[in-house]
file run-v6.pdb (PDB, C-alpha atoms and all ligand atoms)
MODEL        1
ATOM      1  CA  MET M   1     127.555 131.363  81.218  1.00  0.00           C
ATOM      2  CA  ILE M   2     126.502 128.060  79.747  1.00  0.00           C
ATOM      3  CA  VAL M   3     122.931 127.071  80.534  1.00  0.00           C
ATOM      4  CA  ILE M   4     123.039 123.378  81.331  1.00  0.00           C
ATOM      5  CA  PRO M   5     120.401 121.359  79.510  1.00  0.00           C
ATOM      6  CA  MET M   6     119.047 118.797  81.919  1.00  0.00           C
ATOM      7  CA  LYS M   7     119.271 115.817  79.604  1.00  0.00           C
ATOM      8  CA  MET M   8     122.530 114.108  78.802  1.00  0.00           C
ATOM      9  CA  GLU M   9     121.293 112.974  75.387  1.00  0.00           C
ATOM     10  CA  GLU M  10     120.905 116.606  74.325  1.00  0.00           C
ATOM     11  CA  LEU M  11     124.564 117.452  74.974  1.00  0.00           C
ATOM     12  CA  THR M  12     127.503 117.206  72.617  1.00  0.00           C
ATOM     13  CA  TRP M  13     130.484 115.231  73.920  1.00  0.00           C
ATOM     14  CA  GLU M  14     132.415 118.440  74.379  1.00  0.00           C
ATOM     15  CA  ASP M  15     129.671 120.004  76.484  1.00  0.00           C
ATOM     16  CA  PHE M  16     129.275 116.747  78.398  1.00  0.00           C
ATOM     17  CA  GLU M  17     132.984 116.720  79.182  1.00  0.00           C
ATOM     18  CA  LYS M  18     132.761 120.244  80.608  1.00  0.00           C
ATOM     19  CA  ILE M  19     129.533 119.739  82.452  1.00  0.00           C
ATOM     20  CA  LYS M  20     130.323 116.395  84.075  1.00  0.00           C
ATOM     21  CA  THR M  21     132.906 117.982  86.341  1.00  0.00           C
ATOM     22  CA  ARG M  22     130.518 120.721  87.405  1.00  0.00           C
ATOM     23  CA  VAL M  23     127.387 118.722  88.232  1.00  0.00           C
ATOM     24  CA  LYS M  24     127.026 117.119  91.624  1.00  0.00           C
ATOM     25  CA  GLY M  25     125.555 113.888  90.424  1.00  0.00           C
ATOM     26  CA  LEU M  26     123.650 112.001  87.802  1.00  0.00           C
ATOM     27  CA  ILE M  27     120.099 110.687  87.860  1.00  0.00           C
ATOM     28  CA  LEU M  28     119.537 107.453  85.957  1.00  0.00           C
ATOM     29  CA  PRO M  29     115.806 106.747  85.473  1.00  0.00           C
ATOM     30  CA  VAL M  30     115.043 103.019  85.197  1.00  0.00           C
ATOM     31  CA  GLY M  31     111.721 101.364  84.426  1.00  0.00           C
ATOM     32  CA  SER M  32     110.100  98.618  82.425  1.00  0.00           C
ATOM     33  CA  VAL M  33     107.971  98.052  79.380  1.00  0.00           C
ATOM     34  CA  GLU M  34     105.091  96.024  80.717  1.00  0.00           C
ATOM     35  CA  ALA M  35     101.338  95.545  80.997  1.00  0.00           C
ATOM     36  CA  HIS M  36      99.665  97.993  83.363  1.00  0.00           C
ATOM     37  CA  GLY M  37      96.050  96.930  83.201  1.00  0.00           C
ATOM     38  CA  LYS M  38      93.828  97.748  80.280  1.00  0.00           C
ATOM     39  CA  HIS M  39      93.936 101.413  81.198  1.00  0.00           C
ATOM     40  CA  LEU M  40      97.607 102.442  81.484  1.00  0.00           C
ATOM     41  CA  PRO M  41     100.364 102.587  78.841  1.00  0.00           C
ATOM     42  CA  LEU M  42     103.152 100.019  78.665  1.00  0.00           C
ATOM     43  CA  GLY M  43     105.698 102.746  79.440  1.00  0.00           C
ATOM     44  CA  THR M  44     104.140 103.705  82.791  1.00  0.00           C
ATOM     45  CA  ASP M  45     107.168 102.651  84.849  1.00  0.00           C
ATOM     46  CA  VAL M  46     109.444 104.922  82.807  1.00  0.00           C
ATOM     47  CA  PHE M  47     107.080 107.897  82.488  1.00  0.00           C
ATOM     48  CA  ALA M  48     106.835 108.276  86.276  1.00  0.00           C
ATOM     49  CA  PRO M  49     110.598 108.334  87.093  1.00  0.00           C
ATOM     50  CA  LEU M  50     111.246 110.595  84.085  1.00  0.00           C
ATOM     51  CA  GLU M  51     108.739 113.147  85.371  1.00  0.00           C
ATOM     52  CA  ILE M  52     110.068 112.900  88.936  1.00  0.00           C
ATOM     53  CA  SER M  53     113.634 113.349  87.612  1.00  0.00           C
ATOM     54  CA  ARG M  54     112.577 116.471  85.730  1.00  0.00           C
ATOM     55  CA  ARG M  55     111.000 117.963  88.854  1.00  0.00           C
ATOM     56  CA  VAL M  56     113.919 117.034  91.096  1.00  0.00           C
ATOM     57  CA  GLU M  57     116.414 118.585  88.669  1.00  0.00           C
ATOM     58  CA  GLU M  58     114.383 121.801  88.651  1.00  0.00           C
ATOM     59  CA  LYS M  59     114.052 121.906  92.443  1.00  0.00           C
ATOM     60  CA  LEU M  60     117.757 121.253  92.948  1.00  0.00           C
ATOM     61  CA  LYS M  61     118.584 124.011  90.476  1.00  0.00           C
ATOM     62  CA  ASP M  62     116.496 126.424  92.600  1.00  0.00           C
ATOM     63  CA  ARG M  63     118.758 125.510  95.501  1.00  0.00           C
ATOM     64  CA  GLY M  64     121.903 126.084  93.486  1.00  0.00           C
ATOM     65  CA  ILE M  65     122.699 122.429  92.775  1.00  0.00           C
ATOM     66  CA  ASP M  66     123.154 121.189  89.203  1.00  0.00           C
ATOM     67  CA  ILE M  67     122.633 117.562  88.293  1.00  0.00           C
ATOM     68  CA  LEU M  68     122.405 115.754  84.997  1.00  0.00           C
ATOM     69  CA  ILE M  69     119.670 113.358  83.914  1.00  0.00           C
ATOM     70  CA  ALA M  70     120.901 110.334  81.971  1.00  0.00           C
ATOM     71  CA  PRO M  71     118.809 108.718  79.227  1.00  0.00           C
ATOM     72  CA  PRO M  72     116.445 106.210  80.869  1.00  0.00           C
ATOM     73  CA  ILE M  73     116.770 102.448  80.835  1.00  0.00           C
ATOM     74  CA  TRP M  74     113.428 101.441  79.363  1.00  0.00           C
ATOM     75  CA  TYR M  75     113.469  97.638  79.435  1.00  0.00           C
ATOM     76  CA  GLY M  76     113.523  95.963  82.828  1.00  0.00           C
ATOM     77  CA  HIS M  77     113.034  92.657  84.546  1.00  0.00           C
ATOM     78  CA  SER M  78     109.365  91.744  84.467  1.00  0.00           C
ATOM     79  CA  PHE M  79     108.876  87.998  84.816  1.00  0.00           C
ATOM     80  CA  VAL M  80     105.466  88.058  86.473  1.00  0.00           C
ATOM     81  CA  LEU M  81     103.698  90.358  84.003  1.00  0.00           C
ATOM     82  CA  ASN M  82     105.217  88.513  81.050  1.00  0.00           C
ATOM     83  CA  VAL M  83     101.949  86.618  80.584  1.00  0.00           C
ATOM     84  CA  TYR M  84     100.476  89.775  79.013  1.00  0.00           C
ATOM     85  CA  PRO M  85     101.210  91.096  75.504  1.00  0.00           C
ATOM     86  CA  GLY M  86     103.558  94.063  75.448  1.00  0.00           C
ATOM     87  CA  THR M  87     105.594  93.038  78.464  1.00  0.00           C
ATOM     88  CA  ILE M  88     109.195  92.872  77.304  1.00  0.00           C
ATOM     89  CA  ASN M  89     111.013  90.933  79.986  1.00  0.00           C
ATOM     90  CA  VAL M  90     114.789  91.000  80.285  1.00  0.00           C
ATOM     91  CA  LYS M  91     116.076  88.159  82.455  1.00  0.00           C
ATOM     92  CA  SER M  92     117.321  89.215  85.857  1.00  0.00           C
ATOM     93  CA  GLY M  93     120.995  88.297  85.287  1.00  0.00           C
ATOM     94  CA  THR M  94     121.141  89.993  81.881  1.00  0.00           C
ATOM     95  CA  PHE M  95     119.487  93.122  83.214  1.00  0.00           C
ATOM     96  CA  GLN M  96     121.833  93.248  86.209  1.00  0.00           C
ATOM     97  CA  LYS M  97     124.912  92.907  84.004  1.00  0.00           C
ATOM     98  CA  TYR M  98     123.626  95.543  81.575  1.00  0.00           C
ATOM     99  CA  VAL M  99     122.934  98.075  84.355  1.00  0.00           C
ATOM    100  CA  GLN M 100     126.271  97.225  85.956  1.00  0.00           C
ATOM    101  CA  GLU M 101     128.151  98.096  82.767  1.00  0.00           C
ATOM    102  CA  ILE M 102     126.244 101.363  82.409  1.00  0.00           C
ATOM    103  CA  LEU M 103     127.052 102.267  86.040  1.00  0.00           C
ATOM    104  CA  GLU M 104     130.695 101.382  85.444  1.00  0.00           C
ATOM    105  CA  GLU M 105     130.789 103.715  82.458  1.00  0.00           C
ATOM    106  CA  PHE M 106     129.436 106.577  84.561  1.00  0.00           C
ATOM    107  CA  ALA M 107     131.972 105.794  87.279  1.00  0.00           C
ATOM    108  CA  LYS M 108     134.768 105.893  84.661  1.00  0.00           C
ATOM    109  CA  GLU M 109     133.426 109.259  83.478  1.00  0.00           C
ATOM    110  CA  GLY M 110     134.139 110.461  86.989  1.00  0.00           C
ATOM    111  CA  PHE M 111     130.673 110.659  88.550  1.00  0.00           C
ATOM    112  CA  GLU M 112     130.941 110.099  92.281  1.00  0.00           C
ATOM    113  CA  LYS M 113     127.199 109.845  92.858  1.00  0.00           C
ATOM    114  CA  VAL M 114     124.724 108.042  90.650  1.00  0.00           C
ATOM    115  CA  ILE M 115     121.091 108.244  91.686  1.00  0.00           C
ATOM    116  CA  ILE M 116     119.001 105.435  90.252  1.00  0.00           C
ATOM    117  CA  LEU M 117     115.382 106.529  90.108  1.00  0.00           C
ATOM    118  CA  ASN M 118     113.554 103.260  89.678  1.00  0.00           C
ATOM    119  CA  GLY M 119     109.907 102.894  88.662  1.00  0.00           C
ATOM    120  CA  HIS M 120     109.506  99.114  88.705  1.00  0.00           C
ATOM    121  CA  GLY M 121     109.462  96.500  91.468  1.00  0.00           C
ATOM    122  CA  GLY M 122     110.972  93.641  89.445  1.00  0.00           C
ATOM    123  CA  ASN M 123     114.134  95.693  88.943  1.00  0.00           C
ATOM    124  CA  ILE M 124     114.994  96.111  92.612  1.00  0.00           C
ATOM    125  CA  TYR M 125     117.119  92.980  93.260  1.00  0.00           C
ATOM    126  CA  PRO M 126     119.117  93.198  90.012  1.00  0.00           C
ATOM    127  CA  LEU M 127     119.683  96.925  90.562  1.00  0.00           C
ATOM    128  CA  ILE M 128     121.072  96.294  94.041  1.00  0.00           C
ATOM    129  CA  GLY M 129     123.247  93.500  92.629  1.00  0.00           C
ATOM    130  CA  ALA M 130     124.588  95.776  89.878  1.00  0.00           C
ATOM    131  CA  ALA M 131     125.311  98.615  92.308  1.00  0.00           C
ATOM    132  CA  GLU M 132     127.125  96.297  94.736  1.00  0.00           C
ATOM    133  CA  GLU M 133     129.438  95.074  91.985  1.00  0.00           C
ATOM    134  CA  VAL M 134     130.267  98.598  90.843  1.00  0.00           C
ATOM    135  CA  VAL M 135     130.888 100.233  94.226  1.00  0.00           C
ATOM    136  CA  GLU M 136     133.393  97.501  95.060  1.00  0.00           C
ATOM    137  CA  LYS M 137     135.466  98.332  91.986  1.00  0.00           C
ATOM    138  CA  TYR M 138     135.069 102.091  91.575  1.00  0.00           C
ATOM    139  CA  ASP M 139     135.014 105.207  93.675  1.00  0.00           C
ATOM    140  CA  VAL M 140     131.300 105.769  93.205  1.00  0.00           C
ATOM    141  CA  GLU M 141     128.225 105.783  95.410  1.00  0.00           C
ATOM    142  CA  VAL M 142     124.868 104.596  94.143  1.00  0.00           C
ATOM    143  CA  VAL M 143     121.640 105.920  95.625  1.00  0.00           C
ATOM    144  CA  LEU M 144     118.679 103.676  94.806  1.00  0.00           C
ATOM    145  CA  ILE M 145     115.252 105.297  94.987  1.00  0.00           C
ATOM    146  CA  ASN M 146     112.116 103.189  94.522  1.00  0.00           C
ATOM    147  CA  TRP M 147     109.674 106.101  94.529  1.00  0.00           C
ATOM    148  CA  TRP M 148     106.393 104.254  95.212  1.00  0.00           C
ATOM    149  CA  MET M 149     107.955 102.267  98.082  1.00  0.00           C
ATOM    150  CA  ASP M 150     110.297 104.765  99.705  1.00  0.00           C
ATOM    151  CA  PHE M 151     107.526 107.335 100.061  1.00  0.00           C
ATOM    152  CA  LYS M 152     104.699 104.915 100.849  1.00  0.00           C
ATOM    153  CA  GLU M 153     103.708 106.853 103.925  1.00  0.00           C
ATOM    154  CA  GLU M 154     103.285 110.132 102.044  1.00  0.00           C
ATOM    155  CA  ILE M 155     101.464 108.407  99.158  1.00  0.00           C
ATOM    156  CA  SER M 156      99.078 106.614 101.537  1.00  0.00           C
ATOM    157  CA  ARG M 157      97.942 110.033 102.808  1.00  0.00           C
ATOM    158  CA  ILE M 158      96.871 110.894  99.251  1.00  0.00           C
ATOM    159  CA  CYS M 159      95.547 107.541  97.956  1.00  0.00           C
ATOM    160  CA  SER M 160      93.268 105.022  99.649  1.00  0.00           C
ATOM    161  CA  SER M 161      95.396 102.181  98.260  1.00  0.00           C
ATOM    162  CA  GLN M 162      98.600 101.454  96.364  1.00  0.00           C
ATOM    163  CA  GLY M 163      99.496  98.801  93.825  1.00  0.00           C
ATOM    164  CA  HIS M 164     100.496  97.853  90.307  1.00  0.00           C
ATOM    165  CA  ALA M 165      98.410  99.971  87.876  1.00  0.00           C
ATOM    166  CA  GLY M 166      96.468 101.007  90.948  1.00  0.00           C
ATOM    167  CA  GLU M 167      95.193 104.274  92.362  1.00  0.00           C
ATOM    168  CA  ASP M 168      98.641 105.805  92.889  1.00  0.00           C
ATOM    169  CA  GLU M 169     100.208 104.840  89.569  1.00  0.00           C
ATOM    170  CA  THR M 170      97.063 105.673  87.603  1.00  0.00           C
ATOM    171  CA  SER M 171      96.841 109.082  89.306  1.00  0.00           C
ATOM    172  CA  VAL M 172     100.461 109.813  88.442  1.00  0.00           C
ATOM    173  CA  ILE M 173      99.962 109.000  84.748  1.00  0.00           C
ATOM    174  CA  LEU M 174      96.734 111.047  84.704  1.00  0.00           C
ATOM    175  CA  ALA M 175      98.803 113.984  85.956  1.00  0.00           C
ATOM    176  CA  ILE M 176     101.610 113.431  83.429  1.00  0.00           C
ATOM    177  CA  ASN M 177      99.507 112.725  80.331  1.00  0.00           C
ATOM    178  CA  PRO M 178      95.745 112.067  80.723  1.00  0.00           C
ATOM    179  CA  GLU M 179      95.461 111.210  77.038  1.00  0.00           C
ATOM    180  CA  LEU M 180      97.323 107.963  77.712  1.00  0.00           C
ATOM    181  CA  VAL M 181      94.817 106.752  80.326  1.00  0.00           C
ATOM    182  CA  LYS M 182      91.584 104.876  79.568  1.00  0.00           C
ATOM    183  CA  MET M 183      89.702 105.478  82.819  1.00  0.00           C
ATOM    184  CA  GLU M 184      86.622 103.597  81.548  1.00  0.00           C
ATOM    185  CA  LYS M 185      88.782 100.457  81.666  1.00  0.00           C
ATOM    186  CA  ALA M 186      90.301 101.185  85.086  1.00  0.00           C
ATOM    187  CA  ILE M 187      89.164  98.228  87.144  1.00  0.00           C
ATOM    188  CA  GLY M 188      90.968  95.876  89.485  1.00  0.00           C
ATOM    189  CA  GLU M 189      91.485  94.737  93.043  1.00  0.00           C
ATOM    190  CA  ARG M 190      94.292  94.202  95.502  1.00  0.00           C
ATOM    191  CA  ARG M 191      95.509  90.594  95.631  1.00  0.00           C
ATOM    192  CA  THR M 192      98.176  89.384  98.015  1.00  0.00           C
ATOM    193  CA  ARG M 193      99.798  86.080  98.864  1.00  0.00           C
ATOM    194  CA  PRO M 194     101.379  85.232 102.221  1.00  0.00           C
ATOM    195  CA  VAL M 195     104.438  83.806 100.462  1.00  0.00           C
ATOM    196  CA  ARG M 196     106.083  84.368  97.095  1.00  0.00           C
ATOM    197  CA  ILE M 197     105.160  81.719  94.537  1.00  0.00           C
ATOM    198  CA  ILE M 198     107.318  81.462  91.453  1.00  0.00           C
ATOM    199  CA  LYS M 199     105.570  79.743  88.558  1.00  0.00           C
ATOM    200  CA  LYS M 200     105.240  80.544  84.896  1.00  0.00           C
ATOM    201  CA  ASP M 201     101.744  81.997  84.787  1.00  0.00           C
ATOM    202  CA  ILE M 202     101.533  83.411  88.318  1.00  0.00           C
ATOM    203  CA  GLY M 203     100.739  86.808  86.802  1.00  0.00           C
ATOM    204  CA  LEU M 204      97.287  85.582  85.770  1.00  0.00           C
ATOM    205  CA  ASP M 205      96.401  84.947  89.451  1.00  0.00           C
ATOM    206  CA  ILE M 206      98.074  87.893  91.138  1.00  0.00           C
ATOM    207  CA  PHE M 207      97.722  90.492  88.394  1.00  0.00           C
ATOM    208  CA  PRO M 208      94.448  89.739  86.589  1.00  0.00           C
ATOM    209  CA  ASN M 209      94.476  91.826  83.378  1.00  0.00           C
ATOM    210  CA  GLY M 210      97.778  93.281  84.564  1.00  0.00           C
ATOM    211  CA  VAL M 211      96.350  95.056  87.634  1.00  0.00           C
ATOM    212  CA  ASN M 212      96.824  94.565  91.366  1.00  0.00           C
ATOM    213  CA  ASP M 213      94.838  97.314  93.058  1.00  0.00           C
ATOM    214  CA  ASN M 214      91.654  99.284  92.514  1.00  0.00           C
ATOM    215  CA  PRO M 215      92.480 102.210  90.220  1.00  0.00           C
ATOM    216  CA  HIS M 216      88.894 103.526  90.174  1.00  0.00           C
ATOM    217  CA  ASN M 217      89.479 106.502  92.481  1.00  0.00           C
ATOM    218  CA  ALA M 218      92.558 107.767  90.643  1.00  0.00           C
ATOM    219  CA  THR M 219      92.588 111.463  89.701  1.00  0.00           C
ATOM    220  CA  ALA M 220      95.069 113.826  88.080  1.00  0.00           C
ATOM    221  CA  GLU M 221      94.952 115.994  91.239  1.00  0.00           C
ATOM    222  CA  LYS M 222      96.100 113.067  93.384  1.00  0.00           C
ATOM    223  CA  GLY M 223      98.807 112.333  90.833  1.00  0.00           C
ATOM    224  CA  GLU M 224     100.032 115.921  90.928  1.00  0.00           C
ATOM    225  CA  GLU M 225     100.148 115.778  94.723  1.00  0.00           C
ATOM    226  CA  ILE M 226     102.126 112.502  94.655  1.00  0.00           C
ATOM    227  CA  LEU M 227     104.611 113.800  92.083  1.00  0.00           C
ATOM    228  CA  GLU M 228     105.097 116.971  94.075  1.00  0.00           C
ATOM    229  CA  VAL M 229     105.575 115.363  97.484  1.00  0.00           C
ATOM    230  CA  VAL M 230     107.859 112.612  96.126  1.00  0.00           C
ATOM    231  CA  SER M 231     109.989 115.106  94.162  1.00  0.00           C
ATOM    232  CA  GLU M 232     110.247 117.417  97.158  1.00  0.00           C
ATOM    233  CA  LYS M 233     111.277 114.531  99.460  1.00  0.00           C
ATOM    234  CA  ILE M 234     113.886 113.290  96.982  1.00  0.00           C
ATOM    235  CA  THR M 235     115.216 116.826  96.537  1.00  0.00           C
ATOM    236  CA  ASN M 236     115.647 117.212 100.304  1.00  0.00           C
ATOM    237  CA  ILE M 237     117.441 113.869 100.514  1.00  0.00           C
ATOM    238  CA  LEU M 238     119.772 114.790  97.647  1.00  0.00           C
ATOM    239  CA  VAL M 239     120.555 118.216  99.116  1.00  0.00           C
ATOM    240  CA  GLU M 240     121.925 116.305 102.118  1.00  0.00           C
ATOM    241  CA  LEU M 241     123.728 113.642 100.069  1.00  0.00           C
ATOM    242  CA  LEU M 242     125.266 115.673  97.251  1.00  0.00           C
TER     243      LEU M 242
HETATM  244 ZN    ZN M 301     104.219 100.202  87.280  1.00  0.00          ZN
ENDMDL
END

call {"tool": "encode", "arguments": {"input": "run-v6.pdb", "output": "C-alpha cells", "more": "lines below"}}
Ligand SMILES: [Zn+2]
result
Amino acid sequence: MIVIPMKMEELTWEDFEKIKTRVKGLILPVGSVEAHGKHLPLGTDVFAPLEISRRVEEKLKDRGIDILIAPPIWYGHSFVLNVYPGTINVKSGTFQKYVQEILEEFAKEGFEKVIILNGHGGNIYPLIGAAEEVVEKYDVEVVLINWWMDFKEEISRICSSQGHAGEDETSVILAINPELVKMEKAIGERRTRPVRIIKKDIGLDIFPNGVNDNPHNATAEKGEEILEVVSEKITNILVELL
C-alpha cells in the first residue's frame, strides 16, 4: 500500500498521476504577504490556512477520506495594506486570472472538487470571479472557505473580538509558531466605516500600523481552540460534500 503524502509538492509526477484518481478532492490554500501589525509575520494569512489544511487532511484521513493539499498561493490582492512595507499587492484582475489558470489546470488534471482555503479578505472577490469562470468551462466544483468569516460564530465564542491582526488571528499564530509573534508590540483597536471608501492611503486610517482590532488578549490556547473548531467544522462539511 502506498502511503499518500499530504502535500502535492512532495510527490513525483508518477505518484501524482496515480494518486489524483484516488483522492476525493484537492485543498488549495490561498493567502497574502502583507503587514499584520508590528507583532505578526507578513505570512500570517498563509500560515493559518496551511495549518487548517493540515488538520483537515488528518481528520478526513481518520474518516477514510483521502485528499491532497496543493502548494499554497502566497501572494494575494492587498490594496488597503499596501501602505505598509512588506505588503506585496497583486492587482485584483491579475490575481483573478492567475488563480483561474491554476484552477483550470487542476480541472484538466481531473479533479472534480477543488477546495480553496482562503486566509485573506482582499482575495474574496477575485477568487469568486476566478471560480465562476472555471466552473462554466470545466466539470469542476469549487468550494470557497474563508475560515475567519465562515466560522465567525464559533470564533466569537472563543475571542472577545475579531479583526485584521486582532485577537483571533494573533491567537492562531501564537498556536502555530509563538516565536513569530511579538506580543509586546500587540496593540490596536477596532475601526469601522459605515461605507467602503477607496482611496490610496485608506489603510493608514482604517488599519493604523497594520492592525484593526485589539490583539492584547490573544493566547496560544485560544488559537488552538480556534484551529480545532474550524478544522472540525470544515471536515464535517467536506465529509458531506466529497
Ligand atoms: Zn490576516

call {"tool": "residues_near_ligand", "arguments": {"input": "run-v6.pdb", "ligand": "ligand ZN 301 (chain M)", "cutoff": "6 Å", "atoms": "only C-alpha atoms and all ligand atoms", "output": "list in words"}}
result
Thr44, Asp45, His120, His164 and Ala165 of chain M

call {"tool": "residues_near_point", "arguments": {"input": "run-v6.pdb", "point": "(103.1, 112.0, 85.4)", "cutoff": "8 Å", "atoms": "only C-alpha atoms", "output": "compact mmCIF listing (two decimals) with C-alpha atoms, keeping the file's coordinate frame"}}
result
# COMPACT_ATOMS: atom_id res chain seq x y z
CA PHE M 47 107.08 107.90 82.49
CA ALA M 48 106.84 108.28 86.28
CA GLU M 51 108.74 113.15 85.37
CA ILE M 52 110.07 112.90 88.94
CA SER M 171 96.84 109.08 89.31
CA VAL M 172 100.46 109.81 88.44
CA ILE M 173 99.96 109.00 84.75
CA LEU M 174 96.73 111.05 84.70
CA ALA M 175 98.80 113.98 85.96
CA ILE M 176 101.61 113.43 83.43
CA ASN M 177 99.51 112.72 80.33
CA GLY M 223 98.81 112.33 90.83
CA GLU M 224 100.03 115.92 90.93
CA LEU M 227 104.61 113.80 92.08

call {"tool": "atom_distance", "arguments": {"input": "run-v6.pdb", "atom1": "atom CA of Asn146 of chain M", "atom2": "atom CA of Ile73 of chain M"}}
result
14.5 Å

call {"tool": "closest_residue", "arguments": {"input": "run-v6.pdb", "among": "M:Phe16, M:Trp147, M:Phe207, M:Tyr98", "to": "Ser53 of chain M", "atoms": "all atoms listed in the file"}}
result
M:Trp147

call {"tool": "resolve_selection", "arguments": {"input": "run-v6.pdb", "expression": "the PyMOL selection byres (((chain M and resi 18-25) around 10) and not hetatm)", "output": "PDB file with C-alpha atoms, in the frame of the given file"}}
result
ATOM      1  CA  ILE M   2     126.502 128.060  79.747  1.00  0.00           C
ATOM      2  CA  ILE M   4     123.039 123.378  81.331  1.00  0.00           C
ATOM      3  CA  PRO M   5     120.401 121.359  79.510  1.00  0.00           C
ATOM      4  CA  MET M   8     122.530 114.108  78.802  1.00  0.00           C
ATOM      5  CA  LEU M  11     124.564 117.452  74.974  1.00  0.00           C
ATOM      6  CA  TRP M  13     130.484 115.231  73.920  1.00  0.00           C
ATOM      7  CA  GLU M  14     132.415 118.440  74.379  1.00  0.00           C
ATOM      8  CA  ASP M  15     129.671 120.004  76.484  1.00  0.00           C
ATOM      9  CA  PHE M  16     129.275 116.747  78.398  1.00  0.00           C
ATOM     10  CA  GLU M  17     132.984 116.720  79.182  1.00  0.00           C
ATOM     11  CA  LEU M  26     123.650 112.001  87.802  1.00  0.00           C
ATOM     12  CA  ILE M  27     120.099 110.687  87.860  1.00  0.00           C
ATOM     13  CA  LEU M  28     119.537 107.453  85.957  1.00  0.00           C
ATOM     14  CA  ILE M  65     122.699 122.429  92.775  1.00  0.00           C
ATOM     15  CA  ASP M  66     123.154 121.189  89.203  1.00  0.00           C
ATOM     16  CA  ILE M  67     122.633 117.562  88.293  1.00  0.00           C
ATOM     17  CA  LEU M  68     122.405 115.754  84.997  1.00  0.00           C
ATOM     18  CA  ILE M  69     119.670 113.358  83.914  1.00  0.00           C
ATOM     19  CA  PHE M 106     129.436 106.577  84.561  1.00  0.00           C
ATOM     20  CA  GLU M 109     133.426 109.259  83.478  1.00  0.00           C
ATOM     21  CA  GLY M 110     134.139 110.461  86.989  1.00  0.00           C
ATOM     22  CA  PHE M 111     130.673 110.659  88.550  1.00  0.00           C
ATOM     23  CA  GLU M 112     130.941 110.099  92.281  1.00  0.00           C
ATOM     24  CA  LYS M 113     127.199 109.845  92.858  1.00  0.00           C
ATOM     25  CA  VAL M 114     124.724 108.042  90.650  1.00  0.00           C
ATOM     26  CA  ILE M 115     121.091 108.244  91.686  1.00  0.00           C
ATOM     27  CA  GLU M 141     128.225 105.783  95.410  1.00  0.00           C
ATOM     28  CA  LEU M 238     119.772 114.790  97.647  1.00  0.00           C
ATOM     29  CA  VAL M 239     120.555 118.216  99.116  1.00  0.00           C
ATOM     30  CA  LEU M 241     123.728 113.642 100.069  1.00  0.00           C
ATOM     31  CA  LEU M 242     125.266 115.673  97.251  1.00  0.00           C
TER      32      LEU M 242
END

call {"tool": "resolve_selection", "arguments": {"input": "run-v6.pdb", "expression": "the PyMOL selection byres (((chain M and resi 213) around 9) and not hetatm)", "output": "NGL selection string"}}
result
:M and (161-167 or 187-191 or 207 or 211-212 or 214-215)

call {"tool": "atom_distance", "arguments": {"input": "run-v6.pdb", "atom1": "atom CA of Val80 of chain M", "atom2": "atom CA of Gly203 of chain M"}}
result
4.9 Å

call {"tool": "atom_distance", "arguments": {"input": "run-v6.pdb", "atom1": "atom CA of Ile102 of chain M", "atom2": "atom CA of Tyr84 of chain M"}}
result
28.5 Å

call {"tool": "resolve_selection", "arguments": {"input": "run-v6.pdb", "expression": "the PyMOL selection byres (((chain M and resi 36) around 6) and not hetatm)", "output": "count of residues only"}}
result
5

call {"tool": "closest_residue", "arguments": {"input": "run-v6.pdb", "among": "M:Leu50, M:Ile155, M:Met6, M:Leu60", "to": "Glu240 of chain M", "atoms": "all atoms listed in the file"}}
result
M:Leu60

call {"tool": "closest_residue", "arguments": {"input": "run-v6.pdb", "among": "M:Val142, M:Val30, M:Ile124, M:Cys159", "to": "His216 of chain M", "atoms": "all atoms listed in the file"}}
result
M:Cys159

call {"tool": "residues_around", "arguments": {"input": "run-v6.pdb", "residues": "Phe79 of chain M", "least_positions_apart": "6", "cutoff": "9 Å", "atoms": "all atoms listed in the file", "output": "number ranges by chain"}}
result
M: 87-92, 122, 200, 203

call {"tool": "closest_residue", "arguments": {"input": "run-v6.pdb", "among": "M:Arg63, M:Ala218, M:Leu81, M:Leu204", "to": "Glu184 of chain M", "atoms": "only C-alpha atoms"}}
result
M:Ala218

call {"tool": "closest_residue", "arguments": {"input": "run-v6.pdb", "among": "M:Lys182, M:Ala107, M:Ser32, M:Asp62", "to": "Tyr75 of chain M", "atoms": "only C-alpha atoms"}}
result
M:Ser32

call {"tool": "axis_aligned_box", "arguments": {"input": "run-v6.pdb", "around": "segment 144-154 of chain M", "padding_each_side": "4 Å", "output": "JSON"}}
result
{"center_x": 111.0, "center_y": 106.2, "center_z": 99.2, "size_x": 23.4, "size_y": 15.9, "size_z": 17.4}

call {"tool": "closest_residue", "arguments": {"input": "run-v6.pdb", "among": "M:Lys7, M:Lys38, M:Glu132, M:Val56", "to": "Ala70 of chain M", "atoms": "only C-alpha atoms"}}
result
M:Lys7

call {"tool": "residues_near_point", "arguments": {"input": "run-v6.pdb", "point": "(124.8, 99.7, 93.1)", "cutoff": "9 Å", "atoms": "all atoms listed in the file", "output": "PDB file with C-alpha atoms, keeping the file's coordinate frame"}}
result
ATOM      1  CA  GLN M 100     126.271  97.225  85.956  1.00  0.00           C
ATOM      2  CA  LEU M 103     127.052 102.267  86.040  1.00  0.00           C
ATOM      3  CA  VAL M 114     124.724 108.042  90.650  1.00  0.00           C
ATOM      4  CA  ILE M 116     119.001 105.435  90.252  1.00  0.00           C
ATOM      5  CA  LEU M 127     119.683  96.925  90.562  1.00  0.00           C
ATOM      6  CA  ILE M 128     121.072  96.294  94.041  1.00  0.00           C
ATOM      7  CA  GLY M 129     123.247  93.500  92.629  1.00  0.00           C
ATOM      8  CA  ALA M 130     124.588  95.776  89.878  1.00  0.00           C
ATOM      9  CA  ALA M 131     125.311  98.615  92.308  1.00  0.00           C
ATOM     10  CA  GLU M 132     127.125  96.297  94.736  1.00  0.00           C
ATOM     11  CA  GLU M 133     129.438  95.074  91.985  1.00  0.00           C
ATOM     12  CA  VAL M 134     130.267  98.598  90.843  1.00  0.00           C
ATOM     13  CA  VAL M 135     130.888 100.233  94.226  1.00  0.00           C
ATOM     14  CA  VAL M 140     131.300 105.769  93.205  1.00  0.00           C
ATOM     15  CA  GLU M 141     128.225 105.783  95.410  1.00  0.00           C
ATOM     16  CA  VAL M 142     124.868 104.596  94.143  1.00  0.00           C
ATOM     17  CA  VAL M 143     121.640 105.920  95.625  1.00  0.00           C
ATOM     18  CA  LEU M 144     118.679 103.676  94.806  1.00  0.00           C
TER      19      LEU M 144
END
